[in-house]
Amino acid sequence: MSIFSRISIGGLTVAAAGFAAFSMAAAQTLEVPADPGAPTEFEAPVDPGAPTEFEAPVDPDASMEPDAPVEPDATVAPAAPAAPQRITNPVAEFAGIDKITGRIITFDVYIDETVQFGALQVTPRICYSRPQTEEPKTDSFVEVDEITLDRKIRRIFTGWMFAESPGLNAVEHAVYDVWLKGCKQKSDVPAPDAAKTN
């Protein structure tokens, strides 16, 4: 027989003897008294007119005062601030660099209009900004295509550009780079519809 088995059996034997002693002591303590009307040692005599420990005595002559106003709970969290407003603008302003000549050009493009800058065609789909009272955040969803040497159009960029972080999603081309400068409500460049009517 292993040491573990002996300890286990010995432990069970001691536990069984202890349980038997406890059961006998409990049975002696909980004996029912001979007189059924007499209180047991667990019950206190009850006076029907006396207030219990859960009830406060009521004075019938005391005047009834209105309840005190309830204070609002200070732990309630304040309402969440409203989401910042976005302004939809009809014009996106871009900057582009021609790496061969070193010239930087700024140009305006109306939403859904395509403007060619060198071998790149730039088409903004939306341009958002914030009111002047809020932290500036200007972004535009832009599609940029490249006209290859064999006259084919190849998409080289689709995504968001951020005016506050121009290097984050700028279009980097072998010859031309383009990035977003801002969004505008008006432009000196005539709108595409106005150019068609003239």
# chains A, B, ... in the order shown; residues from 1 in each chain; ligands from 1
>>> residues_around(residues="A:Val91", least_positions_apart="5", cutoff="6 Å", atoms="only C-alpha atoms", output="list in words")
Val109, Tyr110, Ile111, Cys183 and Lys184 of chain A
>>> write_last_selection(atoms="N, CA and C atoms", output="mmCIF file, in the first residue's frame")
data_model
loop_
_atom_site.group_PDB
_atom_site.id
_atom_site.type_symbol
_atom_site.label_atom_id
_atom_site.label_comp_id
_atom_site.auth_asym_id
_atom_site.auth_seq_id
_atom_site.Cartn_x
_atom_site.Cartn_y
_atom_site.Cartn_z
ATOM 1 N N VAL A 109 -10.316 71.190 -57.877
ATOM 2 C CA VAL A 109 -11.073 70.198 -58.636
ATOM 3 C C VAL A 109 -12.451 70.086 -57.997
ATOM 4 N N TYR A 110 -13.498 70.198 -58.798
ATOM 5 C CA TYR A 110 -14.861 70.014 -58.293
ATOM 6 C C TYR A 110 -15.111 68.520 -58.038
ATOM 7 N N ILE A 111 -16.028 68.252 -57.126
ATOM 8 C CA ILE A 111 -16.365 66.870 -56.790
ATOM 9 C C ILE A 111 -16.888 66.157 -58.042
ATOM 10 N N CYS A 183 -10.372 71.782 -48.499
ATOM 11 C CA CYS A 183 -11.683 71.731 -49.146
ATOM 12 C C CYS A 183 -12.250 73.141 -49.170
ATOM 13 N N LYS A 184 -13.002 73.456 -50.203
ATOM 14 C CA LYS A 184 -13.525 74.818 -50.383
ATOM 15 C C LYS A 184 -15.010 74.777 -50.717
#
>>> atom_distance(atom1="atom CA of A:Glu134", atom2="atom CA of A:Ile87")
11.6 Å
>>> closest_residue(among="A:Val122, A:Ala191, A:Cys127, A:Ile156", to="A:Asn89", atoms="only C-alpha atoms")
A:Cys127
>>> closest_residue(among="A:Leu180, A:Ser129, A:Gly96, A:Asp112", to="A:Leu168", atoms="only C-alpha atoms")
A:Leu180
